[in-house]
$ cat structure-v5.csv   # CSV, C-alpha atoms
chain,number,residue,atom,x,y,z
X,1377,MET,CA,83.4,74.5,24.9
X,1378,GLU,CA,83.1,76.5,21.8
X,1379,ASP,CA,80.3,75.9,19.2
X,1380,GLU,CA,83.0,74.9,16.7
X,1381,ARG,CA,84.1,72.1,19.0
X,1382,ILE,CA,80.5,70.9,19.4
X,1383,GLY,CA,80.2,70.9,15.6
X,1384,ARG,CA,83.4,68.8,15.3
X,1385,LEU,CA,82.2,66.4,17.9
X,1386,LEU,CA,78.9,66.0,16.1
X,1387,GLU,CA,80.7,65.3,12.9
X,1388,GLU,CA,83.0,62.8,14.4
X,1389,HIS,CA,80.6,60.9,16.7
X,1390,GLY,CA,77.1,61.9,15.5
X,1391,ASP,CA,77.0,59.0,13.1
X,1392,SER,CA,77.1,56.5,15.9
X,1393,TYR,CA,74.2,58.2,17.8
X,1394,ARG,CA,71.3,55.9,18.3
X,1395,THR,CA,72.3,53.4,15.7
X,1396,PRO,CA,69.7,50.7,15.8
X,1397,ALA,CA,70.4,47.0,15.7
X,1398,ASN,CA,69.8,45.4,12.3
X,1399,PRO,CA,66.3,46.4,11.4
X,1400,PRO,CA,63.8,43.5,11.0
X,1401,VAL,CA,63.7,44.0,7.3
X,1402,GLU,CA,61.7,40.9,6.4
X,1403,ARG,CA,59.2,41.3,9.2
X,1404,MET,CA,58.6,44.9,8.3
X,1405,TRP,CA,58.2,44.1,4.6
X,1406,GLY,CA,55.6,41.4,5.5
X,1407,ALA,CA,53.6,43.9,7.5
X,1408,ILE,CA,53.9,46.5,4.7
X,1409,GLU,CA,52.7,44.1,2.1
X,1410,ALA,CA,49.8,43.0,4.3
X,1411,ARG,CA,48.7,46.6,4.7
X,1412,LEU,CA,49.1,47.4,1.0
X,1413,ASP,CA,46.9,44.4,0.3
X,1414,GLY,CA,44.4,45.6,2.9
X,1415,GLU,CA,44.8,42.6,5.1
X,1416,ALA,CA,46.0,43.9,8.4
X,1417,PRO,CA,45.2,47.0,10.4
X,1418,ARG,CA,48.1,49.0,12.0
X,1419,ALA,CA,48.8,48.1,15.5
X,1420,LEU,CA,49.2,51.6,17.0
X,1421,ALA,CA,47.6,54.1,14.8
X,1422,PRO,CA,44.1,54.3,13.3
X,1423,VAL,CA,43.7,52.5,10.0
X,1424,ARG,CA,43.5,55.4,7.7
X,1425,ARG,CA,42.7,53.2,4.7
X,1426,SER,CA,39.5,51.9,6.3
X,1427,TRP,CA,38.3,55.3,7.6
X,1428,THR,CA,38.9,56.9,4.2
X,1429,ARG,CA,36.7,54.2,2.6
X,1430,GLY,CA,34.3,54.8,5.5
X,1431,LEU,CA,34.4,58.5,4.8
X,1432,ALA,CA,33.1,57.9,1.3
X,1433,LEU,CA,30.3,55.8,2.7
X,1434,ALA,CA,29.6,58.5,5.3
X,1435,ALA,CA,29.4,60.9,2.5
X,1436,MET,CA,26.8,58.8,0.7
X,1437,LEU,CA,24.8,58.4,3.9
X,1438,LEU,CA,25.0,62.2,4.5
X,1439,LEU,CA,23.6,62.8,1.0
X,1440,GLY,CA,20.8,60.3,1.7
X,1441,ILE,CA,20.0,62.0,5.0
X,1442,GLY,CA,20.2,65.4,3.5
X,1443,ILE,CA,18.0,64.6,0.5
X,1444,GLY,CA,15.5,62.8,2.6
X,1445,TRP,CA,15.4,65.7,5.1
X,1446,THR,CA,15.0,68.4,2.6
X,1447,GLY,CA,12.6,66.2,0.6
X,1448,ALA,CA,10.2,66.2,3.5
X,1449,ARG,CA,9.4,69.9,2.8
X,1450,PHE,CA,7.8,68.9,-0.4
X,1451,ALA,CA,5.9,65.9,0.8
X,1452,PRO,CA,2.1,66.0,0.4
X,1453,ALA,CA,0.0,64.4,3.2
X,1454,GLY,CA,0.5,60.6,3.3
X,1455,GLY,CA,3.6,60.2,1.2
X,1456,SER,CA,6.9,61.5,-0.1
X,1457,ALA,CA,6.9,63.7,-3.1
X,1458,LEU,CA,10.1,62.1,-4.1
X,1459,GLY,CA,8.6,58.6,-4.2
X,1460,ALA,CA,9.3,55.5,-2.2
X,1461,ALA,CA,12.6,54.7,-3.8
X,1462,THR,CA,14.5,57.8,-3.1
X,1463,GLY,CA,16.3,56.6,0.0
X,1464,PRO,CA,16.1,57.1,3.7
X,1465,GLU,CA,13.1,58.9,5.2
X,1466,PRO,CA,13.6,62.3,6.6
X,1467,LEU,CA,15.0,62.8,10.1
X,1468,ALA,CA,12.1,65.0,11.1
X,1469,VAL,CA,8.6,65.6,9.7
X,1470,VAL,CA,8.2,69.1,8.4
X,1471,PRO,CA,4.8,70.8,9.1
X,1472,ALA,CA,2.5,70.1,6.1
X,1473,SER,CA,1.2,73.7,6.4
X,1474,LEU,CA,4.2,75.0,4.7
X,1475,GLU,CA,3.4,74.8,1.0
X,1476,GLU,CA,6.5,76.6,-0.3
X,1477,PRO,CA,10.1,75.3,0.3
X,1478,SER,CA,12.0,77.9,2.2
X,1479,PRO,CA,15.4,79.2,1.0
X,1480,PHE,CA,16.9,77.5,4.0
X,1481,VAL,CA,15.8,74.1,2.7
X,1482,GLY,CA,17.2,74.8,-0.8
X,1483,LEU,CA,20.5,75.9,0.8
X,1484,ALA,CA,20.6,72.8,3.0
X,1485,ARG,CA,19.9,70.5,0.0
X,1486,ASP,CA,22.7,72.1,-2.1
X,1487,TYR,CA,25.0,72.0,0.9
X,1488,PHE,CA,24.6,68.3,1.5
X,1489,GLN,CA,25.2,67.5,-2.2
X,1490,GLN,CA,28.3,69.7,-2.3
X,1491,THR,CA,29.7,68.5,1.0
X,1492,THR,CA,29.2,64.9,-0.1
X,1493,SER,CA,31.3,65.5,-3.2
X,1494,LEU,CA,33.9,67.3,-1.2
X,1495,VAL,CA,34.1,64.5,1.4
X,1496,VAL,CA,34.5,61.8,-1.2
X,1497,ALA,CA,37.2,63.9,-3.0
X,1498,LEU,CA,38.9,64.6,0.4
X,1499,ALA,CA,39.1,60.9,1.2
X,1500,GLY,CA,41.0,60.3,-2.0
X,1501,ASP,CA,43.3,63.3,-1.5
X,1502,LEU,CA,44.2,62.3,2.0
X,1503,ARG,CA,45.1,58.8,0.8
X,1504,GLY,CA,47.3,60.4,-1.7
X,1505,GLY,CA,48.9,62.6,1.0
X,1506,SER,CA,48.0,66.0,-0.2
X,1507,VAL,CA,45.0,68.2,-0.8
X,1508,PRO,CA,44.8,70.3,-4.0
X,1509,ASN,CA,44.0,74.0,-4.0
X,1510,GLY,CA,40.6,73.4,-5.6
X,1511,THR,CA,39.5,71.2,-2.6
X,1512,ILE,CA,40.8,73.8,-0.2
X,1513,ARG,CA,38.8,76.6,-1.9
X,1514,GLN,CA,35.7,74.5,-1.9
X,1515,ALA,CA,36.1,73.7,1.8
X,1516,GLN,CA,36.4,77.5,2.5
X,1517,SER,CA,33.2,78.1,0.7
X,1518,LEU,CA,31.3,75.2,2.4
X,1519,LEU,CA,32.6,76.3,5.8
X,1520,SER,CA,30.6,79.5,5.5
X,1521,THR,CA,27.5,77.6,4.5
X,1522,THR,CA,28.0,75.1,7.4
X,1523,ARG,CA,28.0,78.0,9.8
X,1524,LEU,CA,24.9,79.5,8.3
X,1525,LEU,CA,23.1,76.1,8.7
X,1526,LEU,CA,24.2,75.9,12.3
X,1527,ASP,CA,22.5,79.2,12.9
X,1528,GLY,CA,19.3,77.9,11.3
X,1529,PRO,CA,16.4,75.7,12.4
X,1530,LEU,CA,18.0,72.2,12.5
X,1531,PRO,CA,15.6,69.3,13.2
X,1532,GLU,CA,17.5,67.5,15.9
X,1533,PRO,CA,20.7,67.7,18.0
X,1534,ALA,CA,22.4,64.9,16.1
X,1535,MET,CA,22.3,66.9,13.0
X,1536,ARG,CA,23.8,69.9,14.8
X,1537,ASP,CA,26.6,67.7,16.2
X,1538,LEU,CA,27.4,66.4,12.8
X,1539,LEU,CA,27.4,69.9,11.3
X,1540,GLN,CA,29.7,71.0,14.1
X,1541,ASP,CA,32.2,68.3,13.3
X,1542,LEU,CA,32.0,69.0,9.6
X,1543,GLU,CA,32.7,72.6,10.5
X,1544,LEU,CA,35.9,71.4,12.3
X,1545,VAL,CA,37.1,69.4,9.4
X,1546,LEU,CA,36.3,72.0,6.8
X,1547,ALA,CA,38.1,74.6,8.9
X,1548,GLN,CA,41.2,72.5,9.0
X,1549,VAL,CA,41.1,71.9,5.3
X,1550,ALA,CA,40.4,75.6,4.6
X,1551,ARG,CA,43.5,76.5,6.5
X,1552,LEU,CA,45.8,74.2,4.5
X,1553,GLN,CA,48.6,76.0,2.7
X,1554,ALA,CA,50.1,75.0,-0.7
X,1555,VAL,CA,50.5,71.3,-1.2
X,1556,ARG,CA,54.2,71.1,-0.3
X,1557,TYR,CA,53.6,72.6,3.1
X,1558,GLN,CA,50.6,70.4,4.1
X,1559,GLN,CA,52.3,67.7,6.1
X,1560,PRO,CA,51.5,67.0,8.9
X,1561,GLU,CA,48.2,68.9,8.8
X,1562,THR,CA,46.7,66.3,6.6
X,1563,GLN,CA,47.4,63.8,9.3
X,1564,LEU,CA,45.6,66.0,11.8
X,1565,ILE,CA,42.6,66.2,9.6
X,1566,ALA,CA,42.6,62.4,9.2
X,1567,ASP,CA,42.9,62.0,13.0
X,1568,ALA,CA,40.0,64.5,13.6
X,1569,MET,CA,37.7,62.6,11.3
X,1570,ASP,CA,38.7,59.3,13.0
X,1571,GLN,CA,38.4,60.6,16.6
X,1572,ARG,CA,35.0,62.2,15.9
X,1573,GLU,CA,33.7,58.9,14.5
X,1574,VAL,CA,31.7,60.6,11.7
X,1575,LEU,CA,30.7,57.3,10.1
X,1576,SER,CA,29.6,55.6,13.3
X,1577,ARG,CA,27.5,58.7,14.4
X,1578,LEU,CA,25.9,58.8,11.0
X,1579,THR,CA,25.1,55.1,11.4
X,1580,LEU,CA,23.5,55.8,14.8
X,1581,ILE,CA,21.3,58.5,13.2
X,1582,ILE,CA,20.1,56.0,10.6
X,1583,SER,CA,19.6,53.2,13.1
X,1584,ASP,CA,17.7,55.5,15.5
X,1585,ARG,CA,15.3,56.4,12.8
X,1586,GLU,CA,14.8,52.7,11.9
X,1587,THR,CA,13.8,51.9,15.4
X,1588,THR,CA,11.4,54.8,15.7
X,1589,PRO,CA,7.8,53.7,15.0
G,1237,MET,CA,71.2,54.3,-8.3
G,1238,THR,CA,71.3,56.9,-11.0
G,1239,PRO,CA,68.4,59.3,-11.5
G,1240,THR,CA,67.4,57.4,-14.6
G,1241,GLU,CA,67.4,54.1,-12.8
G,1242,GLU,CA,65.4,55.7,-10.0
G,1243,ARG,CA,62.8,57.0,-12.4
G,1244,ALA,CA,62.5,53.6,-14.1
G,1245,LEU,CA,62.1,51.9,-10.7
G,1246,VAL,CA,59.4,54.3,-9.7
G,1247,ALA,CA,57.6,53.7,-13.0
G,1248,ARG,CA,57.7,50.0,-12.4
G,1249,VAL,CA,56.3,50.4,-8.9
G,1250,LEU,CA,53.5,52.5,-10.2
G,1251,GLU,CA,52.7,49.9,-12.8
G,1252,GLY,CA,52.1,47.5,-9.9
G,1253,SER,CA,55.3,45.5,-9.8
G,1254,ARG,CA,55.7,44.1,-6.3
G,1255,GLN,CA,59.3,43.1,-7.2
G,1256,ALA,CA,60.0,46.8,-8.0
G,1257,ALA,CA,58.3,47.9,-4.7
G,1258,ARG,CA,60.5,45.4,-2.8
G,1259,GLN,CA,63.6,46.7,-4.6
G,1260,LEU,CA,62.7,50.3,-3.6
G,1261,TYR,CA,62.1,49.2,-0.1
G,1262,ASP,CA,65.4,47.4,0.2
G,1263,ALA,CA,67.3,50.4,-1.2
G,1264,HIS,CA,65.9,52.7,1.5
G,1265,VAL,CA,64.8,50.7,4.5
G,1266,ALA,CA,68.0,50.8,6.5
G,1267,ARG,CA,68.4,54.5,6.3
G,1268,VAL,CA,64.7,55.2,6.9
G,1269,HIS,CA,64.7,52.9,9.9
G,1270,ARG,CA,67.8,54.6,11.4
G,1271,LEU,CA,66.3,58.0,10.8
G,1272,VAL,CA,63.0,57.1,12.5
G,1273,PHE,CA,64.8,55.3,15.4
G,1274,ARG,CA,66.9,58.4,16.1
G,1275,ILE,CA,63.7,60.4,16.4
G,1276,VAL,CA,61.6,58.0,18.5
G,1277,ARG,CA,64.4,56.1,20.3
G,1278,ASP,CA,62.3,53.0,20.7
G,1279,ASP,CA,62.7,49.7,18.7
G,1280,GLN,CA,59.0,48.9,18.5
G,1281,LEU,CA,58.0,52.4,17.6
G,1282,ALA,CA,60.7,52.6,15.0
G,1283,GLU,CA,59.5,49.4,13.4
G,1284,GLU,CA,55.9,50.6,13.4
G,1285,PHE,CA,56.6,54.1,12.0
G,1286,THR,CA,59.0,52.8,9.4
G,1287,GLN,CA,56.2,50.5,8.2
G,1288,ASP,CA,53.9,53.6,8.2
G,1289,ALA,CA,56.4,55.5,6.2
G,1290,PHE,CA,56.7,53.0,3.5
G,1291,VAL,CA,53.0,52.4,3.3
G,1292,LYS,CA,52.7,56.2,2.9
G,1293,VAL,CA,55.5,56.2,0.3
G,1294,PHE,CA,53.9,53.6,-1.9
G,1295,GLY,CA,50.5,55.3,-1.6
G,1296,ALA,CA,51.8,58.7,-2.5
G,1297,LEU,CA,54.5,57.7,-5.0
G,1298,LYS,CA,52.4,58.9,-7.9
G,1299,SER,CA,52.7,62.4,-6.5
G,1300,PHE,CA,56.5,62.3,-6.5
G,1301,ARG,CA,57.5,64.7,-9.2
G,1302,GLY,CA,61.2,64.0,-9.3
G,1303,GLU,CA,62.2,67.6,-8.3
G,1304,ALA,CA,64.1,66.2,-5.4
G,1305,LYS,CA,66.0,63.0,-5.0
G,1306,LEU,CA,63.8,60.0,-4.3
G,1307,SER,CA,65.7,59.4,-1.1
G,1308,THR,CA,65.1,63.0,0.1
G,1309,TRP,CA,61.4,62.6,-0.5
G,1310,ILE,CA,61.3,59.3,1.2
G,1311,HIS,CA,63.2,60.6,4.2
G,1312,ARG,CA,60.8,63.5,4.5
G,1313,VAL,CA,57.8,61.1,4.5
G,1314,ALA,CA,59.6,59.1,7.2
G,1315,VAL,CA,60.2,62.1,9.4
G,1316,THR,CA,56.6,63.2,9.0
G,1317,GLU,CA,55.3,59.8,10.0
G,1318,ALA,CA,57.7,59.6,13.0
G,1319,LEU,CA,56.6,63.1,14.3
G,1320,SER,CA,52.9,62.4,13.6
G,1321,GLY,CA,53.3,59.1,15.4
G,1322,LEU,CA,54.8,60.7,18.4
G,1323,ARG,CA,52.0,63.3,18.5
G,1324,ARG,CA,49.4,60.5,18.4
G,1325,LEU,CA,51.0,58.6,21.3
G,1326,LYS,CA,51.5,61.7,23.5
G,1327,ARG,CA,47.9,62.7,22.8
G,1328,ARG,CA,46.7,59.3,23.9
G,1329,ALA,CA,48.9,59.7,27.0
G,1330,GLY,CA,46.8,62.7,27.8
G,1331,ARG,CA,49.2,65.4,26.7
G,1332,GLU,CA,49.2,67.5,23.6
G,1333,PHE,CA,52.4,67.0,21.8
G,1334,ASP,CA,54.3,69.7,20.2
G,1335,LEU,CA,58.0,70.1,20.1
G,1336,ASP,CA,57.8,72.2,23.3
G,1337,ASP,CA,57.2,69.0,25.1
G,1338,ALA,CA,60.1,68.5,27.5
G,1339,VAL,CA,59.8,64.8,28.1
G,1340,GLY,CA,60.7,62.2,25.6
G,1341,ILE,CA,59.0,58.8,25.6
G,1342,ALA,CA,62.0,56.6,24.8
G,1343,ALA,CA,63.8,54.4,27.2
G,1344,PRO,CA,67.0,55.9,28.4
G,1345,ASP,CA,70.3,54.4,27.3
G,1346,ARG,CA,71.7,52.9,30.4
G,1347,ARG,CA,75.0,51.6,29.2
G,1348,ILE,CA,77.9,52.9,31.2
G,1349,GLU,CA,80.5,54.2,28.8
G,1350,PRO,CA,82.9,56.8,29.8
G,1351,ASP,CA,84.2,58.0,26.5
G,1352,LEU,CA,83.4,61.3,24.9
G,1353,ALA,CA,81.3,59.8,22.1
G,1354,GLU,CA,79.0,58.2,24.7
G,1355,ARG,CA,78.9,61.4,26.7
G,1356,LEU,CA,77.9,63.2,23.6
G,1357,HIS,CA,75.1,60.7,22.8
G,1358,ARG,CA,73.8,60.9,26.4
G,1359,ALA,CA,73.8,64.7,26.2
G,1360,ILE,CA,71.8,64.5,23.0
G,1361,ASP,CA,69.4,62.1,24.6
G,1362,ALA,CA,69.0,64.3,27.6
G,1363,LEU,CA,67.8,67.2,25.4
G,1364,PRO,CA,64.1,67.9,25.4
G,1365,ASP,CA,62.6,66.8,22.1
G,1366,VAL,CA,62.0,70.5,21.1
G,1367,PHE,CA,65.8,70.9,20.9
G,1368,ARG,CA,66.8,67.3,20.2
G,1369,ILE,CA,64.8,66.6,17.1
G,1370,PRO,CA,65.9,69.7,15.2
G,1371,LEU,CA,69.5,68.9,16.2
G,1372,VAL,CA,69.2,65.3,15.0
G,1373,LEU,CA,67.5,66.4,11.7
G,1374,HIS,CA,70.0,69.2,11.0
G,1375,ASP,CA,73.3,68.1,12.4
G,1376,LEU,CA,73.0,64.3,12.0
G,1377,GLU,CA,70.7,63.8,9.2
G,1378,GLY,CA,71.4,66.8,7.0
G,1379,PHE,CA,68.0,68.4,6.7
G,1380,THR,CA,68.0,72.1,5.9
G,1381,HIS,CA,66.4,74.7,8.2
G,1382,SER,CA,63.7,75.2,5.6
G,1383,GLU,CA,62.9,71.5,5.5
G,1384,ILE,CA,62.9,71.2,9.3
G,1385,ALA,CA,60.5,74.1,9.5
G,1386,GLN,CA,58.1,72.5,7.1
G,1387,LEU,CA,58.3,69.1,8.8
G,1388,THR,CA,57.8,70.4,12.3
G,1389,GLY,CA,55.3,73.1,11.5
G,1390,SER,CA,57.4,75.8,13.1
G,1391,PRO,CA,58.8,79.0,11.6
G,1392,GLU,CA,62.3,78.7,10.2
G,1393,GLY,CA,63.6,81.3,12.7
G,1394,THR,CA,62.2,79.3,15.6
G,1395,CYS,CA,63.9,76.1,14.3
G,1396,LYS,CA,67.3,77.9,14.0
G,1397,THR,CA,66.9,79.2,17.6
G,1398,ARG,CA,66.1,75.8,18.9
G,1399,LEU,CA,69.1,74.4,17.1
G,1400,MET,CA,71.3,77.1,18.8
G,1401,ASN,CA,69.8,76.2,22.1
G,1402,ALA,CA,70.5,72.5,21.6
G,1403,ARG,CA,74.1,73.2,20.8
G,1404,ALA,CA,74.4,75.5,23.8
G,1405,ARG,CA,73.0,72.8,26.1
G,1406,LEU,CA,75.4,70.3,24.6
G,1407,ARG,CA,78.3,72.7,25.3
G,1408,GLU,CA,77.2,73.0,28.8
G,1409,ALA,CA,76.8,69.2,29.3
G,1410,LEU,CA,80.2,68.6,27.8
G,1411,ALA,CA,82.1,71.5,29.4
G,1412,ALA,CA,84.1,69.2,31.6
G,1413,TYR,CA,85.5,67.6,28.5
G,1414,ALA,CA,86.6,70.8,26.8
G,1415,GLN,CA,90.2,70.3,25.7
$ encode --input "structure-v5.csv" --output "structure tokens"
Amino acid sequence: MEDERIGRLLEEHGDSYRTPANPPVERMWGAIEARLDGEAPRALAPVRRSWTRGLALAAMLLLGIGIGWTGARFAPAGGSALGAATGPEPLAVVPASLEEPSPFVGLARDYFQQTTSLVVALAGDLRGGSVPNGTIRQAQSLLSTTRLLLDGPLPEPAMRDLLQDLELVLAQVARLQAVRYQQPETQLIADAMDQREVLSRLTLIISDRETTP
Amino acid sequence: MTPTEERALVARVLEGSRQAARQLYDAHVARVHRLVFRIVRDDQLAEEFTQDAFVKVFGALKSFRGEAKLSTWIHRVAVTEALSGLRRLKRRAGREFDLDDAVGIAAPDRRIEPDLAERLHRAIDALPDVFRIPLVLHDLEGFTHSEIAQLTGSPEGTCKTRLMNARARLREALAAYAQ
């Protein structure tokens, strides 16, 4: 059978291929409205709206952890140099013999602030369905810093795990092409953040500290 | 709907009019649902992914610039959601999904119909997804090679080759009916 005949067959009979029964228009609209109103999670796939809101929260926790962690370097004996109202206490106590903050600490502090901003912006971009070039460039820059920090003296394995997952997400964002070619990569980024449970692991880090005497 | 009416409808949706959103939905749901169903070949999945598509459409509508027809843009969103949904399901089933996956997940059509149209439909269904989906998108739904390449994440040349393979397999399957 020639290709031309296949083409004709597809023209004549293709329209009737897998023609569904009448779609449940009202039921689907009800479910769509519920999701638009934030009432109902999706049955099969992760609820992207909730994790993107959680992503913003994770970003704020990340900033709090980072500031607290780097703030410990400046703490005199018996108290925090930043004061009691600056947020969570550091994940690890830095030796008080170090009187000068190391360049590594300054790098880490800047990194957490910039990463927090990026994560919050990314959450909004993914909700909108596309990531602008500015965010991609920032992710490329932060990716290099993430890898530098991973090579440095991290206080505990949980921080290393978190940085490794941030490395994964930043690498995915850094590889994105121009906006019109981004689908379905943005979905993969959303899935990666969801599967790696960034928010819940950050929560565990916080709760572990709170139970440590 | 004329382009002007379309723009006006989009503007009303973006202003928050639920009535306008429903109007947009009604204008496109049948076609979107059929498109998604042809890709996933399952009633429940088609319903779920159609919902996903419209939620995504309403969420991203402010980024629609009007360079393409609204229906074209909506259909692209729908295809993306269907393909992403299939990937998620196959990943959960323990297999990485890409269009090289040879096994579909839809229930087979078991009706016994001897006519040529039915043979054609069965032959299309029997194709691996890697060939079936480009065929459906190009020959049945009218997407261009460039659009299919973007939607599937494969180079345009690869998409064309897969389409050629799909047609070759159909020719083989329907050889007994060549007249």
$ interface_residues --input "structure-v5.csv" --of "chain G" --to "chain X" --cutoff "6 Å" --atoms "all atoms listed in the file" --output "VMD selection string"
chain G and resid 1274 1287 1296 1353 1357 1376 1407 1411 1414
$ atom_distance --input "structure-v5.csv" --atom1 "atom CA of G:Lys1292" --atom2 "atom CA of G:Thr1316"
10.1 Å
$ atom_distance --input "structure-v5.csv" --atom1 "atom CA of G:Leu1387" --atom2 "atom CA of G:Ala1318"
10.4 Å
$ atom_distance --input "structure-v5.csv" --atom1 "atom CA of X:Leu1546" --atom2 "atom CA of G:Gly1389"
19.6 Å
$ residues_around --input "structure-v5.csv" --residues "G:Phe1273" --least-positions-apart "4" --cutoff "9 Å" --atoms "all atoms listed in the file" --output "number ranges by chain"
X: 1394-1396; G: 1268-1269, 1277-1279, 1281-1283, 1285-1286, 1318
$ build_atoms --input "structure-v5.csv" --residues "stretch 1360-1371 of chain G" --atoms "N, CA, C and O atoms" --output "PDB file, in the coordinates of the input"
ATOM      1  N   ILE G1360      72.875  64.349  24.022  1.00  0.00           N
ATOM      2  CA  ILE G1360      71.800  64.500  23.000  1.00  0.00           C
ATOM      3  C   ILE G1360      70.530  63.926  23.495  1.00  0.00           C
ATOM      4  O   ILE G1360      69.465  64.524  23.375  1.00  0.00           O
ATOM      5  N   ASP G1361      70.597  62.754  24.070  1.00  0.00           N
ATOM      6  CA  ASP G1361      69.400  62.100  24.600  1.00  0.00           C
ATOM      7  C   ASP G1361      68.724  62.876  25.685  1.00  0.00           C
ATOM      8  O   ASP G1361      67.508  62.809  25.866  1.00  0.00           O
ATOM      9  N   ALA G1362      69.538  63.597  26.458  1.00  0.00           N
ATOM     10  CA  ALA G1362      69.000  64.300  27.600  1.00  0.00           C
ATOM     11  C   ALA G1362      68.293  65.624  27.165  1.00  0.00           C
ATOM     12  O   ALA G1362      67.580  66.238  27.962  1.00  0.00           O
ATOM     13  N   LEU G1363      68.499  66.034  25.916  1.00  0.00           N
ATOM     14  CA  LEU G1363      67.800  67.200  25.400  1.00  0.00           C
ATOM     15  C   LEU G1363      66.332  67.026  25.351  1.00  0.00           C
ATOM     16  O   LEU G1363      65.892  65.948  24.967  1.00  0.00           O
ATOM     17  N   PRO G1364      65.544  68.044  25.671  1.00  0.00           N
ATOM     18  CA  PRO G1364      64.100  67.900  25.400  1.00  0.00           C
ATOM     19  C   PRO G1364      63.893  67.770  23.892  1.00  0.00           C
ATOM     20  O   PRO G1364      64.687  68.269  23.087  1.00  0.00           O
ATOM     21  N   ASP G1365      62.832  67.091  23.520  1.00  0.00           N
ATOM     22  CA  ASP G1365      62.600  66.800  22.100  1.00  0.00           C
ATOM     23  C   ASP G1365      62.535  68.104  21.272  1.00  0.00           C
ATOM     24  O   ASP G1365      62.918  68.096  20.101  1.00  0.00           O
ATOM     25  N   VAL G1366      62.072  69.215  21.885  1.00  0.00           N
ATOM     26  CA  VAL G1366      62.000  70.500  21.100  1.00  0.00           C
ATOM     27  C   VAL G1366      63.320  70.895  20.615  1.00  0.00           C
ATOM     28  O   VAL G1366      63.404  71.552  19.570  1.00  0.00           O
ATOM     29  N   PHE G1367      64.405  70.529  21.322  1.00  0.00           N
ATOM     30  CA  PHE G1367      65.800  70.900  20.900  1.00  0.00           C
ATOM     31  C   PHE G1367      66.427  69.650  20.199  1.00  0.00           C
ATOM     32  O   PHE G1367      67.171  69.790  19.232  1.00  0.00           O
ATOM     33  N   ARG G1368      66.146  68.463  20.714  1.00  0.00           N
ATOM     34  CA  ARG G1368      66.800  67.300  20.200  1.00  0.00           C
ATOM     35  C   ARG G1368      66.485  66.963  18.789  1.00  0.00           C
ATOM     36  O   ARG G1368      67.348  66.663  17.955  1.00  0.00           O
ATOM     37  N   ILE G1369      65.207  67.017  18.456  1.00  0.00           N
ATOM     38  CA  ILE G1369      64.800  66.600  17.100  1.00  0.00           C
ATOM     39  C   ILE G1369      65.351  67.550  16.035  1.00  0.00           C
ATOM     40  O   ILE G1369      65.875  67.077  15.024  1.00  0.00           O
ATOM     41  N   PRO G1370      65.282  68.882  16.193  1.00  0.00           N
ATOM     42  CA  PRO G1370      65.900  69.700  15.200  1.00  0.00           C
ATOM     43  C   PRO G1370      67.437  69.453  15.088  1.00  0.00           C
ATOM     44  O   PRO G1370      68.007  69.484  13.990  1.00  0.00           O
ATOM     45  N   LEU G1371      68.106  69.171  16.216  1.00  0.00           N
ATOM     46  CA  LEU G1371      69.500  68.900  16.200  1.00  0.00           C
ATOM     47  C   LEU G1371      69.794  67.592  15.386  1.00  0.00           C
ATOM     48  O   LEU G1371      70.699  67.542  14.542  1.00  0.00           O
TER      49      LEU G1371
END
